[in-house]
Each structure stands twice: as C-alpha cells, then as structure tokens.
Number of protein chains: 2
Amino acid sequence: MADSVITLSDVAAAAGVSLSTASKALNGTDRISEATREHVRVTADRLGFRHNALARSFARGRSQTIGVLTHRASNPFTRVVLATAATELGAKERAILLYDARMEEQHDVTESILQLRARRIDGVIVIGTSTSFRTPSFTSRFDVPVINAFTVPEDPQDTTITADDYAIGRLAISHLLSTGRRRIAHLTAEPHDMAAQRRAEGAGQLLAEAGFQWAAPVRFGRWREEWGEQAATELLAEVPDVDAIFCGSDAIGRGVERVVRAAGRQVPGDIALIGVDNWESLMHDQRGTRHLTTIDVGLEEIGRRVANRLLEGDLEPGTQYVEPHVVIADTA
Amino acid sequence: MADSVITLSDVAAAAGVSLSTASKALNGTDRISEATREHVRVTADRLGFRHNALARSFARGRSQTIGVLTHRASNPFTRVVLATAATELGAKERAILLYDARMEEQHDVTESILQLRARRIDGVIVIGTSTSFRTPSFTSRFDVPVINAFTVPEDPQDTTITADDYAIGRLAISHLLSTGRRRIAHLTAEPHDMAAQRRAEGAGQLLAEAGFQWAAPVRFGRWREEWGEQAATELLAEVPDVDAIFCGSDAIGRGVERVVRAAGRQVPGDIALIGVDNWESLMHDQRGTRHLTTIDVGLEEIGRRVANRLLEGDLEPGTQYVEPHVVIADTA
DNA sequence: AGGGGAAGCGAAAGCGGTTTCGCAAATCAC
DNA sequence: GTGATTTGCGAAACCGCTTTCGCTTCCCCT
C-alpha cells in the first residue's frame with residue numbers, strides 16, 4: 001500500500017484545473033462544464049482519490065454523525081432498534097455516537113447533550129425502552145433534527161416512530177378468530193402498563209366487533225414467565241373449555257404453554273397460544289426454528305424508518321406507528 | 001440558546017493569551033506555566049467553551065471514530081457485542097461507523113474498507129457471528145489497529161477476544177456434578193460445528209477427570225429447539241435413568257425441557273437441565289425472571305473488552321478468551 | 001560576570017477541503 | 001455591432017484547532 005494519500009489538490013494538479021474547480025466538479029455544485037467535470041472525475045478515479053471525510057466535515061460543519069440517546073442500551077428491544085438503525089446509517093456512511101443514559105445516571109443528560117453538540121452531530125435518535133414509558137422531550141434541546149423511537153413521547157408534537165399496541169391486540173385476536181377459535185382469553189402484564197392496556201383494548205375491541213366476548217376477564221399481572229404459569233393455572237381451573245390464549249408477551253406465553261401442556265391439553269390442538277414480541281426471531285436471526293406463534297411488533301422496521309426519516313429530513317411532527325405482523329409457528 | 005458558538009480564539013482573547021497558548025493550556029501539552037494554564041481553563045469555563053470536535057479531529061487527523069465490520073448485524077449475538085461495544089465507546093466519546101457485510105454482499109468489503117479509511121477511523125472492530133466460523137483477516141488491510149470479537153480468527157496472530165467453548169463445557173459439567181448429578185448426557189448441535197465440538201470436548205474432559213463418563217454417547221444434531229425434542233425423546237428411551245442433560249444451547253434446552261416434562265419427569269427434581277447462551281437474560285435485560293439454568297458465554301464482556309483494548313492500544317496478538325459463568329435458575 | 005540551558009509563550013504554517021467572489025470569455029438581445 | 005447576461009473557471013478566504021519553531025527571559029553553573 002503506497003500510502004501517500006491523494007488529496008484534492010493532487011487531483012486538481014493532475015487534471016490541470018484549480019483546486020476549487022476540482023472540488024466543484026466532484027461535488028456537482030456550481031457551474032462547471034460537463035467536459036471539465038468528467039475530466040476531473042476520471043482523473044480522480046485514476047488516482048484513486050477519496051475525499052478526506054474529516055476535512056470535508058470540518059469545512060461543511062456537518063459531521064455525518066448521528067447522536068443516539070438510549071435509556072438502557074442493554075435493553076434487548078433497544079438493542080434491536082439500535083442495531084438496525086446503525087446498520088441503515090452505516091450503509092449511508094453515517095456514524096453514530098451513542099450515549100447511554102444508564103451510564104451517566106448522575107451525570108445529567110445535559111453533559112451528553114453538550115458533547116453531542118460539540119461533535120456537530122447532524123441529528124439525534126432517541127430510543128425508548130417500550131411503549132410504556134414516556135421519554136422526556138429532547139427536541140428543543142438540540143438545534144438539529146430529533147426523532148424518537150419505540151417510546152411514547154412526552155410532547156405529542158415530537159417526531160416519533162413506535163409500535164402500535166392497539167393494532168397488535170387486534171391482530172392477535174384476528175388471527176385466533178381466523179383459525180376458528182371462539183373461547184379466547186387474554187393473560188397479560190401490569191394493569192398500569194400502557195402497552196399491556198392498549199393491547200388488551202385493541203384485542204377486546206376486535207373481539208366485540210366480531211360479536212364475541214372474552215372467555216374470561218382479562219388477567220393482568222407481570223411481564224414474566226412465572227406469571228404466565230400462575231395465570232394459566234387459574235384460568236384453566238376457571239374456564240376449562242378455553243380454546244385460545246392471547247399472551248401479552250412471549251415470556252408470558254412460555255409460562256402459559258408449560259402449564260397448558262402439563263394439564264394434558266394439546267397445543268395448538270386443544271388450546272391455541274399466541275404471544276407478542278417475536279422473541280425467537282430475535283434469538284435466531286430469522287433462520288432458526290420457530291416454536292411459539294407470535295406477533296412481531298416491528299422493532300426492526302422502527303430502526304430502519306427512524307434512520308431513513310432522519311436522513312431524508314422527513315420530520316413532520318407527531319407519532320407514526322409501524323404495522324405489527326403475525327409470525328405463524330407451532331402454537332396457533 | 002444564544003448560539004454564537006465560542007471558539008478557542010474567543011477564549012484566548014478573553015484570557016489575554018495567544019491562540020496557541022490557549023490550545024496548549026487546555027490540552028495540557030507543551031510547557032505552559034500552571035498559572036496561565038489555570039487562568040485559561042477558568043476563562044474557558046466561564047465562557048462555556050467546548051472544543052469543536054470536528055476541527056480538532058481534522059487538525060489531529062484522528063476522527064475519534066471506530067469502524068465496525070459485521071457479517072450480519074441482525075444476528076442476535078452480534079447485536080449484543082455491538083451494543084455493548086458501542087455503549088462503551090460512546091462513554092469515551094468515540095463514535096462508531098458500522099458496515100454490515102450483509103448489505104454489501106456483492107459490493108466487496110474492499111469498498112467498505114476504503115470508506116473507513118477515508119473517514120480516518122482510529123481503529124476497527126470486526127464482529128463475527130460465533131466461534132464456529134472463521135473470519136477472514138482484515139488486520140493487514142488497515143493502517144490502524146484491528147481487533148476481532150466473537151470469532152475464530154483466520155490468522156492466529158490477529159488480536160481476538162472471544163468466547164471459551166472449552167471452558168463452557170467444563171463449567172456446565174462442573175455445575176451439574178456439584179449439584180450431585182452423576183448420570184449426565186449431552187445433546188448438542190452439528191458435529192462439524194466448532195463451538196459444539198469444543199463444548200463437548202471440555203465437558204467430556206472434566207467428566208473424565210472427575211472419574212465419570214457420559215450416561216450416553218454425545219448426540220450431535222442441530223442448534224434448534226426441534227432437535228432438542230427429538231434428541232431428548234431418543235435419550236429418554238435409551239437411558240431412562242439419566243439425571244442431568246447438558247444442552248448445547250438454550251434453544252435445544254427448551255425443546256429438551258418440553259419432552260422431559262411431557263414424559264412425566266420433574267425438572268430439576270428428576271432431571272437437571274443446563275443450556276448455553278443465557279437467552280433469557282438477553283431478552284429480559286437481566287431483570288426479568290429466569291427459567292432455564294444456563295451458561296452465559298460472556299458476550300457483553302467481549303464487547304466491553306474489545307472496545308477498551310482498542311482504545312487503550314493494548315493489541316498484543318493472539319486470542320484471548322472470556323470466562324463463561326453459570327446463571328442459576330429453575331432447571332439445574 | 002558570562003555562557004548554556006530550560007521555561008514560557010506567540011507567530012504562523014498547516015490540516016484538506018468548501019465557498020464566495022470576481023473576472024474573462026462566450027452567448028444573447030435588439 | 002454594441003451592451004447586457006450568462007457561463008466557466010480560478011484566487012483566496014475560511015472552517016477552528018494543533019503543532020512546530022523560534023524568540024525572550026530567567027535560572028543556574030562555573
């Protein structure tokens with residue numbers, strides 16, 4: 001590697017034009033004759049020239065870097081959004097600078113914000129941890145575009161892309177109905193959890209619209225596998241002829257499944273099970289086997305959209321929801 | 001926000017020193033009297049000065065950005081390493097620029113490499129997808145430090161940090177033995193998979209050292225839940241009195257568990273189960289419930305180490321393994 | 001007292017582009 | 001054919017910081 005890096009003035013010299021002409025030719029800016037433009041391009045290629053991104057960023061005052069603020073980068077959902085957004089941005093030659101609020105609990109986010117501004121970032125992505133917790137609004141604290149992902153924004157005017165819990169609920173029920181189930185129950189998480197609420201609400205709505213009702217009152221509890229076990233045990237005692245269970249999450253679903261099978265019921269023969277999250281795909285990279293039928297809330301789509309809208313400067317205010325989709329496997 | 005951004009020369013002027021003195025004072029470089037240094041610092045603070053990171057990077061020729069090369073950024077293991085490394089780097093004000101080979105299957109990695117070099121990145125992290133596939137060596141293709149994560153390097157001289165499959169196998173058995181199990185079996189993935197091999201090898205070794213042997217020959221198959229079911233079914237038929245199963249992965253473990261329970265055996269009462277991956281923690285962000293007892297291979301530790309060693313310039317050649325640890329839950 | 005070295009600071013040259021502005025030549029209008 | 005535009009290009013300023021180099025002073029040593 002003969003590494004006496006080629007600069008733009010080398011190109012200009014080789015092409016017999018001025019530095020400024022070379023710059024404009026390659027950037028397509030200003031008025032340059034097509035002939036010169038092409039000639040410069042060819043020379044640049046021949047020399048293997050590449051813009052020094054650092055110099056360019058500096059001169060333009062734009063860093064080609066996006067700041068990312070997370071509450072907890074170790075949250076698995078956050079990771080998915082983060083990784084897909086980063087991939088998308090990387091493909092467009094944008095770097096990301098991640099600030100995890102977790103690490104700076106004391107440090108006040110203000111510090112991170114100042115850092116990001118000092119870096120002259122071109123935009124900010126704020127990744128929440130769910131549709132249950134509000135994320136404080138950062139929009140006004142930056143002079144560059146800010147977009148929220150996977151959260152319910154404090155200020156409804158903030159540009160936000162997130163999961164559609166209501167649609168998730170509807171979709172789950174719609175799928176169960178379409179497979180002929182009629183005695184459907186719903187076991188889900190904390191009653192105060194907004195995501196759990198919305199899912200239950202959407203599910204209840206669709207059920208009602210279809211002219212049915214819950215086989216048992218919706219059971220609220222925790223987002224945990226154990227709760228799934230407990231709730232399912234109670235449910236089976238109370239409503240033995242239930243023929244489908246919409247589980248608020250895949251974790252709950254796992255617990256439910258264990259109990260249902262232990263009770264000697266066939267899955268999905270006697271009782272169909274559907275969860276939410278698409279856990280297994282998160283684990284298996286879309287290739288492995290699937291087991292639990294589930295609803296994918298669209299985290300990857302959120303990551304992609306957030307990145308692209310930011311780059312395209314498409315920041316109309318308000319919340320945009322991504323469509324969930326059903327992932328059919330062995331349990332429904 | 002009165003945003004007429006403060007530059008270093010503003011500070012210099014306000015402090016009554018030259019631009020260069022101000023620079024040196026704040027950077028701690030060169031010889032400057034402690035008095036002036038302090039005075040400049042105070043003035044800078046008073047003015048709310050922050051270095052323009054772009055200008056600084058440009059002047060120094062170092063971008064404060066790390067390039068990250070992945071095979072498949074959507075792989076769940078990759079995501080964990082990526083997210084933890086990014087967090088660690090972000091905390092030290094380093095951005096990352098991600099190139100996912102997946103997106104450029106055709107495009108030849110060469111292009112990405114050129115891009116990264118044009119960005120004047122300060123280092124490169126190459127994230128593999130497992131300890132089963134070799135990653136081609138990129139070390140010589142960059143003039144900056146390169147470090148591999150979660151992979152088996154093509155060139156053993158490449159600086160690499162990865163999981164220790166051998167230790168994983170030993171640890172699993174050690175745990176089972178310590179809980180009094182003696183009739184232990186091992187159900188795992190493809191016989192040609194290096195990770196599966198090493199785990200089986202480590203496990204076999206420890207077992208032998210302890211004076212025992214496998215209750216049944218090791219069964220190789222797939223990394224899938226279904227294979228867990230099938231293998232467990234066969235195993236129970238063949239060796240009904242097995243009292244512990246070391247499952248090659250949590251996915252396999254899930255399948256095994258279903259069959260074991262369906263056969264009426266108590267878990268862990270009759271049969272203890274231990275997996276590998278720590279799936280549930282990946283899903284639950286360390287807080288949720290755990291169900292399957294498992295071995296955490298240390299992906300997060302890999303991410304952290306890789307980031308820190310790169311920043312510290314600690315790049316002695318060769319492979320360094322992270323220690324796995326047991327995550328005790330309900331099944332062993 | 002005189003010379004050598006170190007300490008403290010400033011002038012100025014980059015770093016590698018982008019961008020404004022002005023000028024000459026070419027094109028247009030009438 | 002003359003004046004008014006437009007077109008194509010180059011000179012030079014500039015982005016904000018780092019770093020080399022050299023010039024004073026001051027200190028110490030003999």
# chains A, B, ... in the order shown; residues from 1 in each chain; ligands from 1
>>> select_by_dssp(residues="segment 56-115 of chain B", states="helix (DSSP H, G or I)", output="ChimeraX atom specification")
/B:56-60,76-91,101-104,108-115
>>> residues_around(residues="DT19 of chain C", least_positions_apart="4", cutoff="12 Å", atoms="only C-alpha atoms (C1' of nucleotides)", output="number ranges by chain")
A: 19-21, 23-24, 29-30, 59-60; D: 12-15
>>> interface_residues(of="chain D", to="chain A", cutoff="8 Å", atoms="only C-alpha atoms (C1' of nucleotides)", output="list in words")
DT7, DG8, DC9, DG10 and DC15 of chain D
>>> atom_distance(atom1="atom CA of Phe49 of chain B", atom2="atom CA of Ala118 of chain A")
9.6 Å
>>> select_by_dssp(residues="segment 97-185 of chain B", states="strand (DSSP E)", output="ChimeraX atom specification")
/B:97-100,123-127,134-135,146-149,152-153,160-163,184-185
>>> residues_around(residues="DC30 of chain C", least_positions_apart="4", cutoff="12 Å", atoms="only C-alpha atoms (C1' of nucleotides)", output="ChimeraX atom specification")
/D:1-4
>>> write_last_selection(atoms="N, CA and C atoms (P, O5', C5', C4', C3', O3' and C1' of nucleotides)", output="CSV table (one decimal), in the first residue's frame")
chain,number,residue,atom,x,y,z
D,1,DG,P,-20.2,44.1,-37.7
D,1,DG,O5',-21.1,45.0,-36.7
D,1,DG,C5',-21.1,46.5,-36.8
D,1,DG,C4',-21.5,47.0,-35.5
D,1,DG,C3',-20.5,46.9,-34.4
D,1,DG,O3',-20.6,48.0,-33.6
D,1,DG,C1',-22.4,45.7,-33.8
D,2,DT,P,-19.4,48.4,-32.7
D,2,DT,O5',-20.2,48.6,-31.3
D,2,DT,C5',-21.3,49.5,-31.2
D,2,DT,C4',-22.2,49.1,-30.0
D,2,DT,C3',-21.4,48.9,-28.7
D,2,DT,O3',-22.0,49.7,-27.7
D,2,DT,C1',-22.9,47.0,-29.1
D,3,DG,P,-21.3,49.8,-26.3
D,3,DG,O5',-22.4,49.2,-25.3
D,3,DG,C5',-23.7,49.7,-25.3
D,3,DG,C4',-24.6,48.7,-24.7
D,3,DG,C3',-24.2,48.3,-23.2
D,3,DG,O3',-25.4,48.3,-22.4
D,3,DG,C1',-24.3,46.4,-24.5
D,4,DA,P,-25.4,48.0,-20.9
D,4,DA,O5',-26.0,46.5,-20.8
D,4,DA,C5',-27.3,46.3,-21.4
D,4,DA,C4',-27.7,44.9,-21.1
D,4,DA,C3',-27.5,44.4,-19.7
D,4,DA,O3',-28.6,43.5,-19.3
D,4,DA,C1',-26.2,43.1,-21.1
>>> closest_atom_pairs(of="chain A", to="chain B", cutoff="7 Å", atoms="only C-alpha atoms", output="CSV")
residue,atom,partner,partner_atom,distance
A:Arg50,CA,B:Ala118,CA,6.3
A:His51,CA,B:Ala118,CA,6.5
A:Asn52,CA,B:Ala118,CA,5.3
A:Ala53,CA,B:Arg119,CA,4.9
A:Leu54,CA,B:Phe58,CA,5.3
A:Ala55,CA,B:Phe58,CA,5.7
A:Ser57,CA,B:Leu54,CA,7.0
A:Phe58,CA,B:Leu54,CA,5.4
A:Ser63,CA,B:Leu54,CA,6.9
A:Ala73,CA,B:Ala83,CA,6.6
A:Ser74,CA,B:Asp285,CA,6.2
A:Asn75,CA,B:Asp285,CA,5.0
A:Pro76,CA,B:Met283,CA,5.4
A:Arg79,CA,B:Ala83,CA,6.1
A:Ala83,CA,B:Arg79,CA,6.1
A:Ala86,CA,B:Leu98,CA,6.4
A:Thr87,CA,B:Leu98,CA,6.1
A:Gly90,CA,B:Leu98,CA,4.7
A:Ala91,CA,B:Tyr99,CA,6.5
A:Arg94,CA,B:Leu97,CA,6.6
A:Ala95,CA,B:Leu97,CA,4.2
A:Ile96,CA,B:Ala95,CA,5.4
A:Leu97,CA,B:Ala95,CA,4.2
A:Leu98,CA,B:Gly90,CA,4.7
A:Tyr99,CA,B:Gly90,CA,5.6
A:Asp100,CA,B:Thr87,CA,6.3
A:Ala118,CA,B:Asn52,CA,5.4
A:Arg119,CA,B:Ala53,CA,4.9
A:Arg224,CA,B:Thr289,CA,6.0
A:Glu225,CA,B:Thr289,CA,6.7
A:Leu282,CA,B:Pro76,CA,6.1
A:Met283,CA,B:Pro76,CA,5.4
A:His284,CA,B:Pro76,CA,6.9
A:Asp285,CA,B:Asn75,CA,5.0
A:Gly288,CA,B:Arg224,CA,6.6
A:Thr289,CA,B:Arg224,CA,6.1
>>> residues_around(residues="Gly298 of chain B", least_positions_apart="3", cutoff="10 Å", atoms="only C-alpha atoms (C1' of nucleotides)", output="list in words")
Val80, Val81, Phe150, Thr162, Ala163, Asp164, Asp277, Asn278, Ile295, Glu301, Ile302, Gly303, Arg304, Tyr321, Val322, Glu323, Pro324 and His325 of chain B
>>> interface_residues(of="chain C", to="chain B", cutoff="8 Å", atoms="only C-alpha atoms (C1' of nucleotides)", output="ChimeraX atom specification")
/C:7-10,15
>>> write_last_selection(atoms="C-alpha atoms (C1' of nucleotides)", output="mmCIF file, in the first residue's frame")
data_model
loop_
_atom_site.group_PDB
_atom_site.id
_atom_site.type_symbol
_atom_site.label_atom_id
_atom_site.label_comp_id
_atom_site.auth_asym_id
_atom_site.auth_seq_id
_atom_site.Cartn_x
_atom_site.Cartn_y
_atom_site.Cartn_z
ATOM 1 C "C1'" DA C 7 10.940 27.583 30.718
ATOM 2 C "C1'" DG C 8 7.055 30.181 28.861
ATOM 3 C "C1'" DC C 9 4.850 31.979 25.272
ATOM 4 C "C1'" DG C 10 3.465 33.700 20.394
ATOM 5 C "C1'" DC C 15 -4.783 20.062 8.051
#
>>> residues_around(residues="Ile147 of chain A", least_positions_apart="3", cutoff="9 Å", atoms="only C-alpha atoms (C1' of nucleotides)", output="list in words")
Gly123, Val124, Ile125, Val126, Ile127, Phe138, Thr139, Asp158, Thr159, Thr160, Ile161, Val306, Ala307, Arg309, Leu310 and Leu315 of chain A
>>> write_last_selection(atoms="N, CA and C atoms", output="PDB file, in the first residue's frame")
ATOM      1  N   GLY A 123     -27.965  15.015  13.625  1.00  0.00           N
ATOM      2  CA  GLY A 123     -29.317  14.665  14.024  1.00  0.00           C
ATOM      3  C   GLY A 123     -29.258  13.763  15.237  1.00  0.00           C
ATOM      4  N   VAL A 124     -30.409  13.538  15.849  1.00  0.00           N
ATOM      5  CA  VAL A 124     -30.441  12.744  17.070  1.00  0.00           C
ATOM      6  C   VAL A 124     -31.557  11.712  16.996  1.00  0.00           C
ATOM      7  N   ILE A 125     -31.242  10.511  17.436  1.00  0.00           N
ATOM      8  CA  ILE A 125     -32.264   9.488  17.598  1.00  0.00           C
ATOM      9  C   ILE A 125     -32.361   9.171  19.081  1.00  0.00           C
ATOM     10  N   VAL A 126     -33.559   9.234  19.594  1.00  0.00           N
ATOM     11  CA  VAL A 126     -33.766   8.896  20.997  1.00  0.00           C
ATOM     12  C   VAL A 126     -34.508   7.569  21.037  1.00  0.00           C
ATOM     13  N   ILE A 127     -33.889   6.566  21.637  1.00  0.00           N
ATOM     14  CA  ILE A 127     -34.534   5.256  21.678  1.00  0.00           C
ATOM     15  C   ILE A 127     -35.083   4.986  23.064  1.00  0.00           C
ATOM     16  N   PHE A 138     -36.524  15.866  23.951  1.00  0.00           N
ATOM     17  CA  PHE A 138     -35.213  16.459  23.729  1.00  0.00           C
ATOM     18  C   PHE A 138     -35.220  17.407  22.542  1.00  0.00           C
ATOM     19  N   THR A 139     -36.332  17.411  21.865  1.00  0.00           N
ATOM     20  CA  THR A 139     -36.398  18.143  20.615  1.00  0.00           C
ATOM     21  C   THR A 139     -35.870  19.567  20.706  1.00  0.00           C
ATOM     22  N   ASP A 158     -43.533  15.822  19.066  1.00  0.00           N
ATOM     23  CA  ASP A 158     -42.229  15.260  18.721  1.00  0.00           C
ATOM     24  C   ASP A 158     -42.379  14.188  17.647  1.00  0.00           C
ATOM     25  N   THR A 159     -41.474  14.195  16.724  1.00  0.00           N
ATOM     26  CA  THR A 159     -41.495  13.170  15.690  1.00  0.00           C
ATOM     27  C   THR A 159     -41.137  11.828  16.314  1.00  0.00           C
ATOM     28  N   THR A 160     -42.020  10.886  16.158  1.00  0.00           N
ATOM     29  CA  THR A 160     -41.860   9.610  16.851  1.00  0.00           C
ATOM     30  C   THR A 160     -42.292   8.448  15.975  1.00  0.00           C
ATOM     31  N   ILE A 161     -41.544   7.373  16.064  1.00  0.00           N
ATOM     32  CA  ILE A 161     -41.947   6.156  15.368  1.00  0.00           C
ATOM     33  C   ILE A 161     -41.952   5.041  16.389  1.00  0.00           C
ATOM     34  N   VAL A 306     -36.682   5.136  11.373  1.00  0.00           N
ATOM     35  CA  VAL A 306     -36.119   6.236  12.132  1.00  0.00           C
ATOM     36  C   VAL A 306     -34.846   6.757  11.452  1.00  0.00           C
ATOM     37  N   ALA A 307     -34.011   5.836  11.032  1.00  0.00           N
ATOM     38  CA  ALA A 307     -32.770   6.238  10.368  1.00  0.00           C
ATOM     39  C   ALA A 307     -33.080   6.952   9.061  1.00  0.00           C
ATOM     40  N   ARG A 309     -35.877   8.369   7.924  1.00  0.00           N
ATOM     41  CA  ARG A 309     -36.579   9.647   8.004  1.00  0.00           C
ATOM     42  C   ARG A 309     -35.644  10.745   8.466  1.00  0.00           C
ATOM     43  N   LEU A 310     -34.754  10.405   9.343  1.00  0.00           N
ATOM     44  CA  LEU A 310     -33.809  11.414   9.821  1.00  0.00           C
ATOM     45  C   LEU A 310     -32.920  11.879   8.672  1.00  0.00           C
ATOM     46  N   LEU A 315     -39.403  15.087   8.833  1.00  0.00           N
ATOM     47  CA  LEU A 315     -39.642  15.108  10.276  1.00  0.00           C
ATOM     48  C   LEU A 315     -40.972  15.710  10.657  1.00  0.00           C
TER      49      LEU A 315
END
>>> residues_around(residues="Asp165 of chain A", least_positions_apart="5", cutoff="9 Å", atoms="only C-alpha atoms (C1' of nucleotides)", output="list in words")
Thr131, Arg170, Met194, Ala195, Ala196, Gln197, Arg198, Arg199, Ala200, Glu201, Gly202, Val297 and Pro324 of chain A
>>> atom_distance(atom1="atom CA of Val146 of chain B", atom2="atom CA of Thr110 of chain B")
15.3 Å
>>> atom_distance(atom1="atom CA of Gly180 of chain B", atom2="atom CA of Glu238 of chain B")
21.7 Å
>>> residues_around(residues="Thr294 of chain A", least_positions_apart="4", cutoff="9 Å", atoms="only C-alpha atoms (C1' of nucleotides)", output="ChimeraX atom specification")
/A:172,247,249-250,273-279,325-329,331-332
>>> write_last_selection(atoms="N, CA and C atoms", output="mmCIF file, in the first residue's frame")
data_model
loop_
_atom_site.group_PDB
_atom_site.id
_atom_site.type_symbol
_atom_site.label_atom_id
_atom_site.label_comp_id
_atom_site.auth_asym_id
_atom_site.auth_seq_id
_atom_site.Cartn_x
_atom_site.Cartn_y
_atom_site.Cartn_z
ATOM 1 N N ALA A 172 -53.745 -10.039 16.986
ATOM 2 C CA ALA A 172 -53.692 -11.321 17.695
ATOM 3 C C ALA A 172 -55.068 -11.989 17.659
ATOM 4 N N CYS A 247 -51.419 -14.216 24.782
ATOM 5 C CA CYS A 247 -50.484 -13.910 25.866
ATOM 6 C C CYS A 247 -49.832 -12.559 25.584
ATOM 7 N N SER A 249 -47.098 -11.324 26.140
ATOM 8 C CA SER A 249 -45.723 -11.318 25.644
ATOM 9 C C SER A 249 -45.293 -12.760 25.443
ATOM 10 N N ASP A 250 -44.214 -12.957 24.761
ATOM 11 C CA ASP A 250 -43.729 -14.309 24.551
ATOM 12 C C ASP A 250 -43.272 -14.949 25.858
ATOM 13 N N LEU A 273 -52.090 -20.838 21.280
ATOM 14 C CA LEU A 273 -51.353 -19.832 22.044
ATOM 15 C C LEU A 273 -50.712 -18.840 21.095
ATOM 16 N N ILE A 274 -50.894 -17.580 21.394
ATOM 17 C CA ILE A 274 -50.178 -16.585 20.599
ATOM 18 C C ILE A 274 -49.581 -15.542 21.542
ATOM 19 N N GLY A 275 -48.345 -15.175 21.279
ATOM 20 C CA GLY A 275 -47.658 -14.208 22.136
ATOM 21 C C GLY A 275 -47.393 -12.908 21.397
ATOM 22 N N VAL A 276 -46.545 -12.094 21.977
ATOM 23 C CA VAL A 276 -46.135 -10.844 21.341
ATOM 24 C C VAL A 276 -44.650 -10.636 21.609
ATOM 25 N N ASP A 277 -43.931 -10.255 20.605
ATOM 26 C CA ASP A 277 -42.519 -9.844 20.698
ATOM 27 C C ASP A 277 -41.642 -10.456 19.614
ATOM 28 N N ASN A 278 -42.004 -11.669 19.262
ATOM 29 C CA ASN A 278 -41.173 -12.403 18.328
ATOM 30 C C ASN A 278 -39.760 -12.594 18.859
ATOM 31 N N TRP A 279 -39.724 -12.927 20.093
ATOM 32 C CA TRP A 279 -38.543 -13.383 20.797
ATOM 33 C C TRP A 279 -37.635 -14.275 20.001
ATOM 34 N N HIS A 325 -46.959 -7.595 12.624
ATOM 35 C CA HIS A 325 -47.381 -8.717 11.783
ATOM 36 C C HIS A 325 -47.288 -10.028 12.532
ATOM 37 N N VAL A 326 -48.089 -10.949 12.075
ATOM 38 C CA VAL A 326 -48.192 -12.217 12.768
ATOM 39 C C VAL A 326 -47.089 -13.151 12.280
ATOM 40 N N VAL A 327 -46.484 -13.866 13.205
ATOM 41 C CA VAL A 327 -45.463 -14.838 12.830
ATOM 42 C C VAL A 327 -45.969 -16.217 13.218
ATOM 43 N N ILE A 328 -46.383 -16.929 12.206
ATOM 44 C CA ILE A 328 -47.020 -18.209 12.490
ATOM 45 C C ILE A 328 -46.000 -19.301 12.765
ATOM 46 N N ALA A 329 -46.249 -20.048 13.841
ATOM 47 C CA ALA A 329 -45.362 -21.171 14.164
ATOM 48 C C ALA A 329 -46.211 -22.327 14.665
ATOM 49 N N THR A 331 -47.870 -22.882 17.621
ATOM 50 C CA THR A 331 -48.838 -22.849 18.711
ATOM 51 C C THR A 331 -50.172 -22.172 18.389
ATOM 52 N N ALA A 332 -50.332 -21.720 17.174
ATOM 53 C CA ALA A 332 -51.625 -21.148 16.788
ATOM 54 C C ALA A 332 -51.687 -20.982 15.273
#
